[in-house]
>>> print(open('my_file.txt').read())   # compact mmCIF, C-alpha atoms
# COMPACT_ATOMS: atom_id res chain seq x y z
CA MET A 1 -5.91 7.00 -4.90
CA ALA A 2 -7.84 8.84 -7.61
CA GLY A 3 -7.47 12.61 -7.41
CA ALA A 4 -4.89 12.51 -4.60
CA LYS A 5 -2.45 15.42 -4.60
CA SER A 6 1.21 14.43 -4.85
CA ILE A 7 3.88 15.13 -2.25
CA THR A 8 7.54 15.91 -2.92
CA ILE A 9 10.15 15.04 -0.29
CA VAL A 10 13.55 16.73 -0.47
CA GLY A 11 16.04 14.29 1.04
CA GLY A 12 16.15 10.50 0.82
CA GLY A 13 17.59 9.64 4.22
CA LEU A 14 15.83 7.83 7.04
CA ALA A 15 13.04 10.36 7.59
CA GLY A 16 12.42 11.01 3.88
CA LEU A 17 12.33 7.37 2.79
CA THR A 18 10.24 6.28 5.78
CA LEU A 19 7.70 9.06 5.15
CA GLY A 20 7.60 8.16 1.46
CA ILE A 21 6.88 4.53 2.28
CA GLY A 22 4.14 5.43 4.74
CA LEU A 23 2.46 7.75 2.24
CA CYS A 24 2.70 5.29 -0.64
CA ARG A 25 0.96 2.72 1.52
CA ARG A 26 -1.87 5.26 1.94
CA GLY A 27 -2.16 5.64 -1.84
CA VAL A 28 -0.46 9.05 -1.97
CA PRO A 29 1.77 9.77 -5.02
CA VAL A 30 5.28 10.61 -3.73
CA THR A 31 8.49 11.85 -5.34
CA ILE A 32 11.79 11.96 -3.42
CA TRP A 33 14.76 14.07 -4.52
CA GLU A 34 18.05 12.80 -3.05
CA ALA A 35 21.35 14.64 -3.53
CA GLY A 36 23.48 11.52 -3.09
CA HIS A 37 23.43 7.97 -4.39
CA TYR A 38 22.72 4.53 -2.91
CA PRO A 39 24.39 2.57 -1.47
CA ARG A 40 26.44 4.90 0.70
CA HIS A 41 28.08 5.00 4.10
CA ARG A 42 27.03 7.79 6.45
CA VAL A 43 28.23 9.02 9.84
CA CYS A 44 25.77 7.29 12.13
CA GLY A 45 25.70 5.22 15.32
CA GLU A 46 23.79 2.59 13.33
CA PHE A 47 21.48 1.43 16.08
CA ILE A 48 17.83 2.15 16.82
CA SER A 49 16.73 2.38 20.44
CA GLY A 50 13.66 3.66 22.18
CA ARG A 51 10.35 4.51 20.51
CA GLY A 52 11.69 4.33 16.97
CA GLN A 53 11.31 0.56 16.90
CA ALA A 54 7.63 0.84 17.77
CA ALA A 55 7.19 3.43 15.00
CA LEU A 56 8.86 1.04 12.53
CA ALA A 57 6.57 -1.79 13.63
CA ARG A 58 3.45 0.35 13.15
CA LEU A 59 4.70 1.33 9.69
CA GLY A 60 5.25 -2.33 8.81
CA LEU A 61 9.03 -1.92 8.48
CA ARG A 62 10.53 -3.73 11.45
CA GLU A 63 10.47 -7.15 9.79
CA GLU A 64 11.82 -5.62 6.59
CA LEU A 65 14.85 -4.36 8.51
CA ALA A 66 15.38 -7.75 10.12
CA ALA A 67 15.42 -9.26 6.64
CA ALA A 68 18.05 -6.68 5.62
CA GLY A 69 20.39 -7.94 8.34
CA ALA A 70 19.47 -6.03 11.50
CA VAL A 71 20.65 -7.69 14.72
CA PRO A 72 19.57 -7.01 18.31
CA ALA A 73 21.81 -5.35 20.90
CA GLN A 74 21.17 -6.53 24.44
CA THR A 75 24.05 -5.06 26.46
CA VAL A 76 25.96 -1.81 26.94
CA ALA A 77 29.21 -0.80 28.66
CA PHE A 78 30.77 2.61 29.42
CA TYR A 79 34.44 3.64 29.43
CA SER A 80 36.57 6.68 30.17
CA ALA A 81 40.33 6.88 29.66
CA THR A 82 40.92 5.08 32.98
CA ARG A 83 37.58 3.60 34.10
CA ALA A 84 35.16 0.96 32.83
CA THR A 85 31.83 -0.57 33.76
CA ALA A 86 30.85 -4.20 33.46
CA PRO A 87 28.38 -4.92 30.64
CA ARG A 88 24.80 -4.07 31.63
CA SER A 89 21.53 -5.18 30.09
CA LEU A 90 19.77 -2.48 28.10
CA PRO A 91 16.33 -1.55 29.46
CA SER A 92 15.01 -2.61 26.05
CA PRO A 93 17.01 -4.16 23.18
CA ALA A 94 18.29 -1.93 20.39
CA LEU A 95 18.30 -2.85 16.71
CA CYS A 96 21.63 -2.56 14.86
CA LEU A 97 21.98 -2.21 11.10
CA SER A 98 24.57 -0.56 8.84
CA ARG A 99 23.31 2.55 7.03
CA PHE A 100 24.90 1.07 3.89
CA LYS A 101 22.29 -1.71 4.06
CA LEU A 102 19.46 0.24 5.69
CA ASP A 103 19.20 3.04 3.13
CA VAL A 104 19.28 0.53 0.26
CA ALA A 105 16.52 -1.54 1.88
CA LEU A 106 14.27 1.49 2.46
CA ALA A 107 14.88 2.84 -1.05
CA LYS A 108 13.90 -0.52 -2.56
CA ILE A 109 10.69 -0.72 -0.53
CA PHE A 110 9.77 2.82 -1.58
CA ARG A 111 10.36 2.11 -5.26
CA ASP A 112 8.55 -1.23 -5.08
CA LEU A 113 5.50 0.65 -3.77
CA GLY A 114 5.53 2.89 -6.85
CA GLY A 115 7.34 5.89 -5.40
CA GLU A 116 9.60 7.98 -7.65
CA LEU A 117 13.14 8.35 -6.30
CA PHE A 118 15.63 10.56 -8.13
CA GLU A 119 19.27 10.26 -7.05
CA GLY A 120 21.94 12.89 -7.59
CA ARG A 121 19.37 15.69 -7.55
CA ARG A 122 20.01 18.57 -5.18
CA VAL A 123 17.30 21.10 -4.27
CA SER A 124 18.60 24.38 -2.84
CA GLY A 125 16.86 27.03 -0.81
CA ASP A 126 14.52 26.91 2.18
CA ASP A 127 11.43 28.23 0.42
CA LEU A 128 9.40 25.05 0.02
CA GLY A 129 5.72 25.40 -0.72
CA GLU A 130 2.59 23.29 -0.43
CA GLY A 131 3.09 19.59 -0.91
CA GLN A 132 6.86 19.83 -0.26
CA VAL A 133 8.67 18.37 2.75
CA ARG A 134 12.30 18.97 3.75
CA ALA A 135 14.06 15.89 5.13
CA THR A 136 17.61 16.81 4.14
CA GLY A 137 19.24 16.13 7.50
CA ARG A 138 21.47 18.34 9.59
CA ARG A 139 22.37 21.93 8.74
CA PRO A 140 26.07 22.95 8.96
CA GLU A 141 26.74 25.42 11.77
CA VAL A 142 29.70 26.97 13.56
CA GLU A 143 29.47 27.62 17.29
CA PRO A 144 30.12 31.09 18.71
CA GLY A 145 33.88 31.60 18.74
CA GLY A 146 34.44 29.46 15.67
CA ALA A 147 34.28 25.99 17.25
CA ARG A 148 32.89 23.09 15.22
CA TRP A 149 31.49 19.67 16.01
CA PHE A 150 32.48 16.97 13.55
CA GLY A 151 31.70 13.27 13.24
CA LEU A 152 33.77 10.36 11.90
CA LYS A 153 32.87 6.77 11.10
CA LEU A 154 34.61 3.56 10.05
CA HIS A 155 33.64 -0.09 9.98
CA ALA A 156 36.12 -2.57 11.43
CA ARG A 157 36.69 -6.29 11.81
CA ASN A 158 38.73 -8.28 14.29
CA VAL A 159 37.28 -6.31 17.21
CA SER A 160 36.21 -8.20 20.34
CA LEU A 161 33.56 -6.19 22.19
CA ALA A 162 32.70 -6.62 25.85
CA ALA A 163 29.11 -5.51 25.13
CA ASP A 164 26.92 -5.10 22.05
CA LEU A 165 27.18 -1.31 22.47
CA GLU A 166 30.17 0.45 24.01
CA MET A 167 30.57 4.17 24.77
CA HIS A 168 34.12 5.51 25.19
CA VAL A 169 34.52 9.12 26.40
CA SER A 170 37.66 11.24 26.33
CA PRO A 171 38.58 14.93 26.64
CA ARG A 172 38.36 15.21 22.82
CA GLY A 173 34.83 13.78 22.53
CA TYR A 174 33.45 10.27 22.45
CA VAL A 175 33.40 7.13 20.32
CA GLY A 176 30.62 4.56 20.15
CA LEU A 177 31.17 0.95 19.12
CA CYS A 178 28.22 -1.05 17.82
CA ARG A 179 28.13 -4.73 16.94
CA LEU A 180 26.75 -5.28 13.42
CA SER A 181 26.08 -8.43 11.41
CA ASP A 182 28.77 -10.42 9.55
CA GLY A 183 31.46 -9.78 12.15
CA GLU A 184 31.59 -6.01 11.59
CA VAL A 185 31.74 -3.29 14.23
CA ASN A 186 30.70 0.31 13.63
CA VAL A 187 33.20 2.81 15.06
CA CYS A 188 31.60 6.25 15.18
CA GLY A 189 32.84 9.33 17.02
CA LEU A 190 31.88 12.93 17.74
CA PHE A 191 34.63 15.49 18.37
CA ARG A 192 34.89 19.24 18.94
CA LYS A 193 37.43 21.40 17.19
CA GLY A 194 38.02 24.91 18.47
CA ALA A 195 38.88 27.88 16.29
CA GLY A 196 42.55 27.55 15.30
CA ASP A 197 42.80 24.07 16.84
CA ASP A 198 44.78 21.60 14.74
CA GLY A 199 43.32 18.64 16.66
CA GLY A 200 46.73 17.81 18.06
CA ASN A 201 47.91 16.78 14.58
CA LEU A 202 45.90 13.58 14.84
CA ASN A 203 44.36 12.08 11.74
CA SER A 204 40.83 10.72 11.71
CA ARG A 205 41.83 7.13 12.38
CA ASP A 206 43.91 8.21 15.39
CA LEU A 207 40.92 10.09 16.79
CA LEU A 208 38.67 7.05 16.39
CA ARG A 209 41.27 4.75 17.98
CA GLY A 210 41.33 6.82 21.17
CA GLN A 211 44.08 8.04 23.47
CA PRO A 212 47.21 5.92 24.02
CA PHE A 213 46.74 3.31 26.79
CA SER A 214 42.98 3.93 26.95
CA PRO A 215 40.44 1.06 26.88
CA LEU A 216 39.39 2.22 23.40
CA ARG A 217 42.94 2.06 22.05
CA GLU A 218 43.29 -1.43 23.54
CA ARG A 219 39.93 -2.53 22.08
CA LEU A 220 40.93 -1.45 18.57
CA ALA A 221 44.59 -2.52 18.72
CA GLY A 222 44.09 -5.37 16.25
CA ALA A 223 41.22 -3.85 14.27
CA VAL A 224 41.15 -4.14 10.50
CA PHE A 225 39.39 -1.06 9.16
CA ALA A 226 37.38 -1.01 5.94
CA ALA A 227 38.77 2.09 4.22
CA GLU A 228 35.77 2.36 1.88
CA SER A 229 33.46 2.78 4.86
CA PHE A 230 35.17 5.94 6.13
CA CYS A 231 33.00 9.04 6.15
CA ALA A 232 33.01 12.38 7.92
CA VAL A 233 30.63 15.25 8.55
CA ALA A 234 31.42 18.70 9.97
CA GLY A 235 29.54 21.71 11.29
CA LEU A 236 27.05 19.68 13.34
CA SER A 237 24.52 21.81 15.19
CA LEU A 238 23.59 20.40 18.59
CA ARG A 239 21.43 23.27 19.80
CA PRO A 240 17.78 22.21 20.25
CA GLN A 241 15.38 23.65 17.66
CA GLN A 242 11.59 23.63 17.37
CA ALA A 243 9.78 22.30 14.31
CA ALA A 244 7.29 25.16 14.46
CA ALA A 245 10.14 27.68 14.08
CA ARG A 246 11.53 26.11 10.90
CA ALA A 247 10.82 27.51 7.46
CA GLY A 248 8.55 25.09 5.64
CA LEU A 249 7.68 21.59 6.78
CA CYS A 250 10.78 19.80 8.11
CA LEU A 251 11.37 16.28 9.45
CA GLY A 252 14.16 14.39 11.18
CA ASP A 253 17.51 16.18 11.51
CA ALA A 254 16.14 19.00 9.34
CA ILE A 255 14.13 19.97 12.45
CA THR A 256 16.85 19.44 15.03
CA MET A 257 19.69 17.07 15.83
CA ILE A 258 19.74 15.37 19.23
CA PRO A 259 23.28 14.95 20.64
CA PRO A 260 24.59 11.63 19.30
CA VAL A 261 25.61 10.47 22.79
CA THR A 262 21.97 9.51 23.36
CA GLY A 263 21.84 7.10 20.43
CA ASN A 264 18.35 8.39 19.63
CA GLY A 265 18.87 10.20 16.34
CA MET A 266 17.75 7.34 14.09
CA SER A 267 14.70 6.80 16.27
CA MET A 268 13.67 10.46 16.02
CA ALA A 269 13.91 10.32 12.23
CA PHE A 270 11.52 7.36 12.10
CA GLU A 271 9.19 8.88 14.69
CA SER A 272 8.92 12.23 12.90
CA ALA A 273 8.14 10.42 9.65
CA GLU A 274 5.35 8.44 11.31
CA VAL A 275 3.91 11.63 12.85
CA ALA A 276 3.69 13.18 9.38
CA VAL A 277 1.98 10.35 7.49
CA THR A 278 -1.64 10.83 8.56
CA PRO A 279 -1.78 14.68 8.30
CA LEU A 280 -0.09 14.63 4.88
CA ALA A 281 -2.39 11.89 3.63
CA ALA A 282 -5.35 14.02 4.78
CA TRP A 283 -3.96 17.01 2.85
CA SER A 284 -3.47 14.82 -0.22
CA ARG A 285 -7.14 13.77 -0.09
CA GLY A 286 -8.30 17.37 0.32
CA GLU A 287 -9.45 16.80 3.91
CA ALA A 288 -7.10 19.38 5.47
CA SER A 289 -5.32 22.54 4.36
CA TRP A 290 -1.55 22.63 4.06
CA ILE A 291 -1.35 25.03 7.00
CA GLU A 292 -3.41 22.64 9.15
CA ALA A 293 -1.27 19.64 8.18
CA ARG A 294 1.99 21.47 8.75
CA TRP A 295 0.87 22.87 12.09
CA LYS A 296 -0.22 19.47 13.40
CA ILE A 297 3.02 17.78 12.34
CA SER A 298 5.20 20.54 13.83
CA ARG A 299 3.23 20.59 17.08
CA ASP A 300 3.30 16.81 17.48
CA CYS A 301 7.04 16.62 16.73
CA ASP A 302 7.82 19.36 19.24
CA SER A 303 5.65 17.66 21.83
CA ALA A 304 7.33 14.30 21.27
CA PHE A 305 10.92 15.56 21.30
CA ALA A 306 11.08 18.62 23.60
CA ARG A 307 11.86 16.78 26.84
CA ARG A 308 14.39 14.50 25.14
CA LEU A 309 16.29 17.44 23.71
CA VAL A 310 16.55 19.21 27.07
CA TRP A 311 17.84 16.11 28.85
CA ALA A 312 20.23 15.32 25.98
CA LYS A 313 21.70 18.82 26.06
CA TRP A 314 22.62 18.54 29.73
CA LEU A 315 23.74 14.93 29.47
CA GLN A 316 26.16 15.76 26.66
CA ARG A 317 27.49 18.76 28.58
CA LEU A 318 28.20 16.54 31.58
CA ILE A 319 29.82 13.77 29.56
CA LEU A 320 32.10 16.19 27.69
CA THR A 321 33.40 17.82 30.87
CA PRO A 322 36.81 16.11 31.31
CA ALA A 323 36.80 16.38 35.11
CA LEU A 324 33.46 14.56 35.30
CA GLN A 325 34.16 11.68 32.90
CA ASP A 326 35.80 9.28 35.37
CA PRO A 327 33.21 9.96 38.13
CA LEU A 328 30.31 9.53 35.69
CA VAL A 329 31.61 6.18 34.40
CA ALA A 330 32.19 5.07 38.00
CA LEU A 331 28.62 6.10 38.88
CA ALA A 332 27.23 4.24 35.88
CA GLY A 333 29.10 1.15 37.08
CA ARG A 334 27.71 1.35 40.62
CA SER A 335 24.17 2.54 39.96
CA ASP A 336 21.70 1.01 37.54
CA GLY A 337 19.33 3.85 38.37
CA PHE A 338 21.58 6.63 37.07
CA TRP A 339 22.15 5.42 33.53
CA ARG A 340 18.70 3.85 33.20
CA MET A 341 17.22 7.23 34.11
CA ALA A 342 19.40 8.94 31.49
CA PHE A 343 18.39 6.28 28.95
CA ALA A 344 14.68 6.74 29.61
CA ARG A 345 14.75 10.57 29.65
CA THR A 346 16.49 10.80 26.25
CA ARG A 347 14.04 8.42 24.52
>>> encode(input="my_file.txt", output="structure tokens")
Amino acid sequence: MAGAKSITIVGGGLAGLTLGIGLCRRGVPVTIWEAGHYPRHRVCGEFISGRGQAALARLGLREELAAAGAVPAQTVAFYSATRATAPRSLPSPALCLSRFKLDVALAKIFRDLGGELFEGRRVSGDDLGEGQVRATGRRPEVEPGGARWFGLKLHARNVSLAADLEMHVSPRGYVGLCRLSDGEVNVCGLFRKGAGDDGGNLNSRDLLRGQPFSPLRERLAGAVFAAESFCAVAGLSLRPQQAAARAGLCLGDAITMIPPVTGNGMSMAFESAEVAVTPLAAWSRGEASWIEARWKISRDCDSAFARRLVWAKWLQRLILTPALQDPLVALAGRSDGFWRMAFARTR
């Protein structure tokens, strides 16, 4: 596009790459600065559910992900240390794909469209100006009292799942299992560590395997873990934030991180990128000021995500209350309405 102003995106994760692709397809010159390198494993549930799939379809990316190896998930089951539900059909199928493959696929599409992608380049500071977008992901944070949320992930083989997606809750946190292509299963967990807590002297693999005699420990008894897939992230902030309150223009987890129990984080990254494409393209063509573009994107993101974040906050609080875990799993097993309502409200 002759005379179009360029846009710089700081962060080449899901939101940054998806936005870059959308803008390149509008003829906007785009540069992405990514601190890491591709391919890479990242702590992630590795499935897309809810409105994110529709956003991908509108951006012309859903078929590209299928070609990269994405597989559908049709069923879900829930487990506590002593209770289990039978597999249930998801209200709408999810799409499962390893981040190792997904990030590579998106980076290739972006580069093939003429976008400039620089790896191993870190940009510090929050003071981004016109034409600059922050999509760097979550911001490390310690809770009052010194507690920290941390996530762990491993890929495994030789795991026989009862459902395409399984959620296992325990007093320490929760672990999600997701069926991927090529016989792999993603094992991803979120845990809370209090100030001075040694985690019971458990290593990361023990935490992901679950408590002794639990359904999760039984499920992973014969698992063969891929050591190279292990990754961890600490200092996760799960307090809802508004896009309009952030310094500069932020997208995806750089705005706010929805509690992972919902399985909606990947979807929100894609959705926020789609929201930003049209206003940023208008700014690039000189049809809107930067303030107008930023305000519209922030307002539309807050409108799209506010209800989800409120429901997710209370859902996570319930699920992580040890005394409620068995009753909640029992309720999910007896009542389609309960978990379908929770599914719909967090998407």
>>> residues_around(input="my_file.txt", residues="Ser124 in chain A", least_positions_apart="2", cutoff="12 Å", atoms="all atoms listed in the file", output="compact mmCIF listing (two decimals) with C-alpha atoms, in the frame of the given file")
# COMPACT_ATOMS: atom_id res chain seq x y z
CA VAL A 10 13.55 16.73 -0.47
CA GLY A 11 16.04 14.29 1.04
CA TRP A 33 14.76 14.07 -4.52
CA GLU A 34 18.05 12.80 -3.05
CA ALA A 35 21.35 14.64 -3.53
CA ARG A 121 19.37 15.69 -7.55
CA ARG A 122 20.01 18.57 -5.18
CA ASP A 126 14.52 26.91 2.18
CA ASP A 127 11.43 28.23 0.42
CA LEU A 128 9.40 25.05 0.02
CA ARG A 134 12.30 18.97 3.75
CA THR A 136 17.61 16.81 4.14
>>> closest_residue(input="my_file.txt", among="A:Trp314, A:Phe270, A:Phe230, A:Phe225", to="Gly13 in chain A", atoms="only C-alpha atoms")
A:Phe270
>>> closest_atom_pairs(input="my_file.txt", of="range 45-90 of chain A", to="range 161-179 of chain A", cutoff="10 Å", atoms="only C-alpha atoms", output="JSON lines")
{"residue": "A:Gly45", "atom": "CA", "partner": "A:Gly176", "partner_atom": "CA", "distance": 6.9}
{"residue": "A:Glu46", "atom": "CA", "partner": "A:Cys178", "partner_atom": "CA", "distance": 7.3}
{"residue": "A:Phe47", "atom": "CA", "partner": "A:Cys178", "partner_atom": "CA", "distance": 7.4}
{"residue": "A:Val71", "atom": "CA", "partner": "A:Arg179", "partner_atom": "CA", "distance": 8.3}
{"residue": "A:Pro72", "atom": "CA", "partner": "A:Asp164", "partner_atom": "CA", "distance": 8.5}
{"residue": "A:Ala73", "atom": "CA", "partner": "A:Asp164", "partner_atom": "CA", "distance": 5.2}
{"residue": "A:Gln74", "atom": "CA", "partner": "A:Asp164", "partner_atom": "CA", "distance": 6.4}
{"residue": "A:Thr75", "atom": "CA", "partner": "A:Ala163", "partner_atom": "CA", "distance": 5.3}
{"residue": "A:Val76", "atom": "CA", "partner": "A:Leu165", "partner_atom": "CA", "distance": 4.7}
{"residue": "A:Ala77", "atom": "CA", "partner": "A:Glu166", "partner_atom": "CA", "distance": 4.9}
{"residue": "A:Phe78", "atom": "CA", "partner": "A:Met167", "partner_atom": "CA", "distance": 4.9}
{"residue": "A:Tyr79", "atom": "CA", "partner": "A:His168", "partner_atom": "CA", "distance": 4.6}
{"residue": "A:Ser80", "atom": "CA", "partner": "A:Val169", "partner_atom": "CA", "distance": 4.9}
{"residue": "A:Ala81", "atom": "CA", "partner": "A:Ser170", "partner_atom": "CA", "distance": 6.1}
{"residue": "A:Thr82", "atom": "CA", "partner": "A:Ser170", "partner_atom": "CA", "distance": 9.6}
{"residue": "A:Arg83", "atom": "CA", "partner": "A:His168", "partner_atom": "CA", "distance": 9.7}
{"residue": "A:Ala84", "atom": "CA", "partner": "A:His168", "partner_atom": "CA", "distance": 9.0}
{"residue": "A:Thr85", "atom": "CA", "partner": "A:Glu166", "partner_atom": "CA", "distance": 9.9}
{"residue": "A:Ala86", "atom": "CA", "partner": "A:Ala162", "partner_atom": "CA", "distance": 8.2}
{"residue": "A:Pro87", "atom": "CA", "partner": "A:Ala163", "partner_atom": "CA", "distance": 5.6}
{"residue": "A:Arg88", "atom": "CA", "partner": "A:Ala163", "partner_atom": "CA", "distance": 7.9}
{"residue": "A:Ser89", "atom": "CA", "partner": "A:Ala163", "partner_atom": "CA", "distance": 9.1}
{"residue": "A:Leu90", "atom": "CA", "partner": "A:Leu165", "partner_atom": "CA", "distance": 9.4}
>>> residues_around(input="my_file.txt", residues="Arg347 in chain A", least_positions_apart="6", cutoff="10 Å", atoms="only C-alpha atoms", output="ChimeraX atom specification")
/A:49-52,262-265,267-268,304-305,307-309,311-312
>>> atom_distance(input="my_file.txt", atom1="CA of Arg58 in chain A", atom2="CA of Ala244 in chain A")
25.1 Å
>>> axis_aligned_box(input="my_file.txt", around="range 15-22 of chain A", padding_each_side="3 Å", output="JSON")
{"center_x": 8.6, "center_y": 7.8, "center_z": 4.5, "size_x": 14.9, "size_y": 12.5, "size_z": 12.1}
>>> atom_distance(input="my_file.txt", atom1="CA of Ala254 in chain A", atom2="CA of Ala135 in chain A")
5.6 Å
>>> atom_distance(input="my_file.txt", atom1="CA of Trp339 in chain A", atom2="CA of Leu180 in chain A")
23.2 Å
>>> closest_residue(input="my_file.txt", among="A:Thr346, A:Gln242, A:Thr256, A:Ser181", to="Trp295 in chain A", atoms="only C-alpha atoms")
A:Gln242
>>> build_atoms(input="my_file.txt", residues="range 315-338 of chain A", atoms="N, CA and C atoms", output="mmCIF file, in the coordinates of the input")
data_model
loop_
_atom_site.group_PDB
_atom_site.id
_atom_site.type_symbol
_atom_site.label_atom_id
_atom_site.label_comp_id
_atom_site.auth_asym_id
_atom_site.auth_seq_id
_atom_site.Cartn_x
_atom_site.Cartn_y
_atom_site.Cartn_z
ATOM 1 N N LEU A 315 22.973 16.161 29.391
ATOM 2 C CA LEU A 315 23.740 14.930 29.470
ATOM 3 C C LEU A 315 25.043 15.057 28.677
ATOM 4 N N GLN A 316 24.948 15.597 27.460
ATOM 5 C CA GLN A 316 26.160 15.760 26.660
ATOM 6 C C GLN A 316 27.133 16.717 27.336
ATOM 7 N N ARG A 317 26.614 17.793 27.901
ATOM 8 C CA ARG A 317 27.490 18.760 28.580
ATOM 9 C C ARG A 317 28.242 18.094 29.728
ATOM 10 N N LEU A 318 27.548 17.254 30.487
ATOM 11 C CA LEU A 318 28.200 16.540 31.580
ATOM 12 C C LEU A 318 29.272 15.591 31.063
ATOM 13 N N ILE A 319 28.913 14.803 30.061
ATOM 14 C CA ILE A 319 29.820 13.770 29.560
ATOM 15 C C ILE A 319 31.070 14.383 28.932
ATOM 16 N N LEU A 320 30.952 15.574 28.346
ATOM 17 C CA LEU A 320 32.100 16.190 27.690
ATOM 18 C C LEU A 320 32.899 17.110 28.605
ATOM 19 N N THR A 321 32.588 17.110 29.892
ATOM 20 C CA THR A 321 33.400 17.820 30.870
ATOM 21 C C THR A 321 34.490 16.881 31.369
ATOM 22 N N PRO A 322 35.760 17.093 30.995
ATOM 23 C CA PRO A 322 36.810 16.110 31.310
ATOM 24 C C PRO A 322 36.874 15.728 32.785
ATOM 25 N N ALA A 323 36.689 16.688 33.684
ATOM 26 C CA ALA A 323 36.800 16.380 35.110
ATOM 27 C C ALA A 323 35.691 15.468 35.602
ATOM 28 N N LEU A 324 34.594 15.368 34.855
ATOM 29 C CA LEU A 324 33.460 14.560 35.300
ATOM 30 C C LEU A 324 33.425 13.170 34.653
ATOM 31 N N GLN A 325 34.277 12.920 33.657
ATOM 32 C CA GLN A 325 34.160 11.680 32.900
ATOM 33 C C GLN A 325 34.434 10.440 33.757
ATOM 34 N N ASP A 326 35.516 10.439 34.502
ATOM 35 C CA ASP A 326 35.800 9.280 35.370
ATOM 36 C C ASP A 326 34.706 9.085 36.417
ATOM 37 N N PRO A 327 34.279 10.151 37.146
ATOM 38 C CA PRO A 327 33.210 9.960 38.130
ATOM 39 C C PRO A 327 31.891 9.468 37.512
ATOM 40 N N LEU A 328 31.558 9.955 36.314
ATOM 41 C CA LEU A 328 30.310 9.530 35.690
ATOM 42 C C LEU A 328 30.361 8.050 35.300
ATOM 43 N N VAL A 329 31.486 7.596 34.747
ATOM 44 C CA VAL A 329 31.610 6.180 34.400
ATOM 45 C C VAL A 329 31.575 5.333 35.672
ATOM 46 N N ALA A 330 32.233 5.806 36.734
ATOM 47 C CA ALA A 330 32.190 5.070 38.000
ATOM 48 C C ALA A 330 30.760 4.991 38.535
ATOM 49 N N LEU A 331 30.013 6.097 38.422
ATOM 50 C CA LEU A 331 28.620 6.100 38.880
ATOM 51 C C LEU A 331 27.772 5.153 38.058
ATOM 52 N N ALA A 332 27.983 5.146 36.737
ATOM 53 C CA ALA A 332 27.230 4.240 35.880
ATOM 54 C C ALA A 332 27.530 2.787 36.220
ATOM 55 N N GLY A 333 28.748 2.511 36.698
ATOM 56 C CA GLY A 333 29.100 1.150 37.080
ATOM 57 C C GLY A 333 28.493 0.717 38.397
ATOM 58 N N ARG A 334 28.249 1.693 39.290
ATOM 59 C CA ARG A 334 27.710 1.350 40.620
ATOM 60 C C ARG A 334 26.191 1.410 40.672
ATOM 61 N N SER A 335 25.608 2.263 39.825
ATOM 62 C CA SER A 335 24.170 2.540 39.960
ATOM 63 C C SER A 335 23.427 2.262 38.666
ATOM 64 N N ASP A 336 22.583 1.241 38.683
ATOM 65 C CA ASP A 336 21.700 1.010 37.540
ATOM 66 C C ASP A 336 20.755 2.185 37.340
ATOM 67 N N GLY A 337 20.324 2.787 38.446
ATOM 68 C CA GLY A 337 19.330 3.850 38.370
ATOM 69 C C GLY A 337 19.792 5.054 37.587
ATOM 70 N N PHE A 338 21.073 5.424 37.733
ATOM 71 C CA PHE A 338 21.580 6.630 37.070
ATOM 72 C C PHE A 338 21.494 6.505 35.558
#
